[in-house]
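See structure below.
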Amino acid sequence: GTLNVYGIIHDCDGVKGGGITIKGGVCNIWPGAQIYKCFTLSQGGGVYVGNYSELRIYDGEIFENEALEEGGGIYIGGSSHLLMTAGIIHNNKSGESAGAVFSGYGATLVIGRSTSGPEIFENTSGGSGGGVRCNGGTGSDAGGITTFIRGTITNNTSGKHGGGIACGEAGENGQSKLYMSDMTISNNTCTESGGGIWTPNNIQGTGTEYAIIQNSRITSNTCHKYGGGISVHGKVYVSNCSIEHNFTGDRGAGIHITEGGTLKYDMGTISDNK
């Protein structure tokens with residue numbers, strides 16, 4: 001079936017999905033919709049999506065939700081699909097990964113469109129991905145496909161890697177693919193590596209060997225260990241990006257490349273990182 005959300009859902013509790021649970025169906029969230037102050041003991045404080053389902057967010061606001069595990073705002077797994085072209089996700093909290101959005105276990109995540117994108121800000125995670133944990137999960141089915149087309153991810157906080165975005169490692173049966181363009185990743189913080197963006201060892205692009213990050217601003221992010229702007233563990237191609245004013249407590253204020261990582265860099269600005 002199909003659920004269309006135009007109104008307000010608030011102060012709800014659930015085992016999986018504090019506000020909405022979607023299994024084997026479609027949910028559309030439209031302008032004027034709000035999902036807030038919902039709580040779950042497991043995944044998806046605001047919305048839980050699983051079992052080959054689809055969530056489409058065309059606008060609206062998801063805020064002040066909490067999950068004790070992954071996905072303070074949204075959890076999507078089970079080979080499901082999330083398209084978010086506009087809207088706001090803010091001030092959500094997770095006990096584990098993904099303060100705002102968790103996507104993994106074969107899920108496909110698409111953020112933004114050519115002319116506009118959502119705002120994801122002031123979310124907090126106990127684990128990796130203060131804003132977004134993409135291609136996540138554990139075990140053989142971990143991973144997914146993630147495309148960022150346009151949007152802002154700002155002022156999020158992670159208790160591990162990836163203050164703004166943390167991409168997960170692909171499992172034996174999975175894949176971890178990333179394409180990013182025209183994003184602003186700024187003022188995010190993590191306690192370990194990748195203040196702005198953290199990428200895993202076996203990251204790929206969507207149809208290319210290298211994950212692609214292009215035409216984006218990665219600025220004023222902070223990490224306590226390695227990679228204030230970006231932490232590179234796999235193969236990543238960075239093109240025409242502004243990587244400025246990022247800070248690290250150890251090495252690689254702008255970009256940190258691990259021993260197994262490979263970076264291709266083309267044009268752009270890397271400056272005033274400390």
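Ordered as shown in the structure tokens, chains take letters A, B, and onward, while each chain numbers its residues from 1 and ligands are numbered from 1 in the order shown.
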Inset, instruction - Determine, counting only C-alpha atoms, which protein, DNA and RNA residues have an atom within 8 Å of an atom of Thr21 of chain A; residues of the same chain fewer than 2 positions away are not included. Present the result as a PyMOL selection string. - result: chain A and resi 16-19+23+47-49
Quick one: write out the picked residues with all heavy atoms as a short mmCIF file (atom, residue, chain, number, x, y, z; two decimals), in the first residue's frame?
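Result saved to result29.cif:
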data_model
loop_
_atom_site.label_atom_id
_atom_site.label_comp_id
_atom_site.auth_asym_id
_atom_site.auth_seq_id
_atom_site.Cartn_x
_atom_site.Cartn_y
_atom_site.Cartn_z
N LYS A 16 10.24 -0.62 16.28
CA LYS A 16 11.02 -0.23 15.10
C LYS A 16 10.24 0.88 14.40
O LYS A 16 9.17 0.63 13.85
CB LYS A 16 11.23 -1.41 14.16
CG LYS A 16 12.26 -2.40 14.64
CD LYS A 16 12.63 -3.41 13.57
CE LYS A 16 13.74 -4.34 14.05
NZ LYS A 16 14.14 -5.30 13.00
N GLY A 17 10.79 2.08 14.44
CA GLY A 17 10.09 3.22 13.90
C GLY A 17 9.20 3.88 14.93
O GLY A 17 8.10 3.41 15.21
N GLY A 18 9.69 4.97 15.52
CA GLY A 18 8.91 5.64 16.56
C GLY A 18 7.63 6.25 16.03
O GLY A 18 6.58 6.18 16.67
N GLY A 19 7.70 6.87 14.83
CA GLY A 19 6.54 7.52 14.26
C GLY A 19 5.86 6.72 13.18
O GLY A 19 4.64 6.56 13.18
N LYS A 23 6.90 -1.44 5.76
CA LYS A 23 7.42 -2.74 5.34
C LYS A 23 6.64 -3.22 4.13
O LYS A 23 5.45 -3.50 4.23
CB LYS A 23 7.31 -3.76 6.48
CG LYS A 23 8.22 -3.46 7.67
CD LYS A 23 8.15 -4.56 8.71
CE LYS A 23 9.10 -4.29 9.87
NZ LYS A 23 9.05 -5.36 10.90
N VAL A 47 11.18 7.50 11.43
CA VAL A 47 10.65 6.62 10.38
C VAL A 47 11.56 5.40 10.24
O VAL A 47 12.79 5.54 10.18
CB VAL A 47 10.57 7.33 9.02
CG1 VAL A 47 9.95 6.42 7.96
CG2 VAL A 47 9.78 8.64 9.12
N TYR A 48 10.94 4.21 10.14
CA TYR A 48 11.66 2.96 9.86
C TYR A 48 11.17 2.43 8.52
O TYR A 48 9.96 2.31 8.29
CB TYR A 48 11.40 1.93 10.95
CG TYR A 48 12.02 0.57 10.67
CD1 TYR A 48 13.28 0.24 11.18
CD2 TYR A 48 11.36 -0.38 9.89
CE1 TYR A 48 13.85 -0.99 10.92
CE2 TYR A 48 11.93 -1.62 9.63
CZ TYR A 48 13.17 -1.92 10.14
OH TYR A 48 13.74 -3.13 9.88
N VAL A 49 12.12 2.09 7.62
CA VAL A 49 11.79 1.57 6.30
C VAL A 49 12.55 0.27 6.07
O VAL A 49 13.79 0.24 6.16
CB VAL A 49 12.18 2.58 5.19
CG1 VAL A 49 11.73 2.09 3.82
CG2 VAL A 49 11.60 3.96 5.48
#
(message) I want to know what sits within 12 Å of Ile218 of chain A, based on only C-alpha atoms, with residues of the same chain fewer than 2 positions away left out; could you give that as a VMD selection string?
(response) chain A and resid 152 to 154 163 to 165 180 to 188 194 to 197 213 to 216 220 to 222 227 to 231 238 to 247 253 to 255 268 to 271 273
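The space between atom CA of His161 of chain A and atom CA of Thr191 of chain A spans 6.9 Å.
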